[in-house]
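**Q** Structure incoming, see below.
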Amino acid sequence: MRRALAALPVLLLIGTAAGLDLDAPRPAAPALDPAAAAYTYTVAPFVAEYDAPAPGTYSLPVIDRIEDHQLFDSAAGTTSLAALKGDRLAVVAFVYTTCSEANGCPLAEAIMHRLDGRIAADPALAGRVRLLTISFDPERDTPLRMALIRGAFKPKTDWAFVTTTGDAQLAPILADFGQPVSKLYYEDGTWTGLFRHVLKVFLLDEQNRVRNIYSTGLMSPDLVMNDLRTLAGENGQPVKQ
Amino acid sequence: MVSVARFVTGLLAIATFTPHLAHADETCMSAYMPKITGQEDYVYVWTVGVDGVGDGSDKLVTVDANPKSPSYGKVVSSVSVGGRHEAHHGGFSDDRRYLWMGGLDDSAIFVFDVATDPGKPKLVKTIDSFAKDSGGVVGPHTFFALPGRMLISGLSNDTDHGGKTALVEYNNNGEYVQTLWLPDNAVYGYDVRVQPRLNRMLTSSFTGWNNYMTEFGKVVSNPEAMKQFGNTVVVWDAHARKPIQVLDVPGAPLEIRWALQPRHNYAFTTTALTSKLWLIEQQPDGTFKASAVADIGDPKKTPLPVDISLSADDRFLFVDSFMDGMVRVYDVSDAHKPRLVREQQIGKQLNMVSQTWDGERVYFTSSLLAKWDKTGADNEQVLKAYRWDGKALTPLFTVDFTKEGLGRPHQMHFGQNQFYKNQIYGGAGKRPPAVARAE
């Protein structure tokens with residue numbers, strides 16, 4: 001495990017050295033050790049040491065209902081949650097793409113990437129699930145940047161990467177989902193460029209009802225797959241594992 | 001600058017390694033919520049109102065716990081909720097912005113905003129429909145944050161006010177989600193704790209409203225009442241919310257504490273009536289086994305062990321006992337062979353214990369239940385703070401809740417200004433020793 005961990009910064013360096021630096025210009029921020037922020041408010045990397053319960057053997061109660069919201073996408077311009085999702089199931093993750101906290105946004109996106117491959121390969125789910133990554137950093141995560149990141153993932157499903165036109169559009173979305181994020185500041189009031197976020201990933205059913213919420217740091221892709229199969233099987237359709 | 005490539009490459013790297021790191025709060029809370037490290041600024045004390053003491057109402061009392069503050073060791077705010085509800089336990093929401101506190105008598109739930117002004121919590125919501133919402137559950141006890149919702153263990157029911165009870169879930173908006181009754185062969189409830197890494201949830205078992213709202217002497221002298229206590233710990237599939245195993249743990253097992261370290265697939269509990277420390281351990285086949293691993297004091301004298309607290313490195317287990325007012329500290333490095341390393345008198349009666357993430361400060365409160373607390377001169381009602389150096393507890397400060405006109409102090413939670421101010425700061429967030437190290 002030590003070797004694997006040690007390899008992480010090397011891979012990050014390789015990634016940077018590869019030169020695909022497409023960031024929009026940003027105000028310079030003082031140097032910061034992300035660990036100083038991360039340790040304070042997030043759970044640690046996680047490996048599920050269990051077999052996820054079999055699909056259809058348990059129920060997922062309705063936790064909440066999500067309204068429609070305007071979103072912003074490089075391909076479609078102004079769009080909305082309902083337009084993107086339709087009457088499909090959805091897995092919705094909130095991120096900001098400059099997030100440097102291993103257990104936050106990058107982990108959420110790593111899990112979404114795994115789900116993308118597995119959903120595409122599952123005949124019972126392919127075409128029935130929309131993966132949706134929504135940025136909560138509209139200032140830096142432009143539609144173009146979101147599109148470029150999507151391209152880098154080479155998704156096998158129609159996994160959508162969207163942002164908003166600004167905080168006015170974003171705030172009601174975060175409030176409706178119950179996804180608190182706030183900017184982290186230095187003591188002198190300068191924004192660190194980081195957000196405080198206890199990231200959640202949301203499972204929506206066909207009627208836009210929240211049927212499960214995952215804490216990204218404690219999330220197992222197997223569990224999400226079986227939850228999707230459980231929901232897909234609710235209307236008498238086949239449940240397969 | 002974090003490039004697109006770095007973002008994508010970084011996460012692919014993350015997806016391929018399998019670290020084992022500890023995750024928990026300071027130190028006995030939901031792993032789904034953020035913890036605070038470093039010096040706490042406040043101790044929030046959920047306090048049972050006493051007729052003739054102050055306004056007589058249940059209240060959330062905030063005590064300044066930062067030694068650099070001019071009001072260190074003093075009460076800095078107090079929010080009365082009106083009336084007496086048998087204030088008992090509570091817990092933070094998944095984002096730690098709200099503190100949900102329960103009343104065991106009338107099942108009222110009070111939600112405080114602790115984020116806007118951490119030194120001055122504000123009551124923002126009252127849920128008075130718990131029994132109705134849940135289909136008859138009474139006595140909301142443990143409040144355990146799950147992502148987007150609150151998992152609440154009940155103690156009783158509104159049919160016979162006995163011990164048959166359930167787990168109840170609300171979403172973060174305070175809207176009811178579902179009720180999960182305990183299985184027929186283990187109907188009692190008390191604590192509920194999830195270990196996400198194992199997808200296992202444990203529930204323990206106390207007694208119903210009829211007993212906890214009756215004078216302790218009357219309960220003990222009534223053989224029928226003494227039969228109405230739980231003797232089980234239930235192992236659940238946490239995700240499916242299904243009971244999968246019932247363990248015999250006779251004598252009212254109360255607080256459950258999952259170990260925090262990697263590969264420590266076990267939890268501790270203590271039995272109030274039989275004065276034993278129990279190890280609930282996962283076996284190689286995945287099932288769980290309960291074994292009594294130590295006596296707490298002299299069980300014949302019924303010291304009545306109550307709250308317990310496990311250090312972040314899984315080394316020290318603090319066990320409070322009510323009758324003798326003692327804390328006993330066990331070295332549980334070998335979970336099968338706890339070693340008593342310290343016994344110390346804290347007061348005339350003792351119930352709750354909370355330690356900080358770094359294990360350096362330990363807080364105690366005195367009250368068990370309004371009708372079970374001692375009477376006369378023995379009815380001491382205090383919050384006491386100590387420093388723990390691995391060998392002994394040295395007093396830091398005491399708040400006398402009777403003299404201050406507050407009531408009976410019960411469960412404690414920690415607050416910190418910087419956590420809510422969303423500031424990055426250096427030095428304060430000291431990492432605990434031997435915790436959260438990748439293998």
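Identifiers in this document derive from the order of the structure tokens: chains are assigned A, B, ..., residues are numbered from 1 separately in each chain, and ligands are numbered from 1 in order of occurrence.
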Within segment 114-206 of chain A, find each residue whose DSSP state, derived from the backbone, is alpha helix (DSSP H), and express the selection as a ChimeraX atom specification.
**A** /A:114-120,143-153,167-177
**Q** Ser80 of chain B: which residues within 8 Å, counting only C-alpha atoms, same-chain residues fewer than 2 positions away excluded, as a count of residues only?
**A** 6
**Q** Could you give me, as a list in words, the residues within 12 Å of Thr79 of chain A, counting only C-alpha atoms and dropping anything in the same chain fewer than 6 positions from it?
**A**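 The contact residues come out as Asp68, His69, Gln70, Leu71, Phe72, Asp73, Lys85, Gly86, Pro143, Ala160, Phe161, Val162, Thr163, Thr164, Thr165 and Gln169 of chain A.
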**Q** Figure out the distance between atom CA of Ser291 of chain B and atom CA of Ala267 of chain B, please, to one decimal in Å.
**A** 11.0 Å
**Q** From the options A:Ala82, A:Leu89, A:Leu228, A:Thr216, which residue's atoms come nearest to Leu60 of chain A, counting only C-alpha atoms?
**A**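 Between A:Ala82, A:Leu89, A:Leu228, A:Thr216, the residue approaching Leu60 of chain A most closely is A:Leu228.
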**Q** Report the distance between atom CA of Asn212 of chain A and atom CA of Met112 of chain A in Å, rounded to one decimal place.
**A**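 Between atom CA of Asn212 of chain A and atom CA of Met112 of chain A the gap is 15.2 Å.
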**Q** Do you know which residues are at most 7 Å from segment 51-53 of chain A counting only C-alpha atoms, after dropping those on the same chain fewer than 2 positions away, and could you put them as an NGL selection string?
**A** (:A and (55 or 222-223)) or (:B and (240))
**Q** Would you give me, as a ChimeraX atom specification, the residues in segment 63-108 of chain A that DSSP reads as strand (DSSP E or B)?
**A** /A:64-65,70-73,77-80,89-95
**Q** Which residues are close to Val319 of chain B, i.e. within 8 Å by only C-alpha atoms, leaving aside same-chain residues fewer than 3 positions away? Reply as a ChimeraX atom specification.
**A** /B:305-309,327-330,353
**Q** What is the atom CA of Ala292 of chain B-atom CA of Val192 of chain B distance in Å, reported with one decimal?
**A**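 Atom-to-atom, atom CA of Ala292 of chain B and atom CA of Val192 of chain B are spaced 19.7 Å apart.
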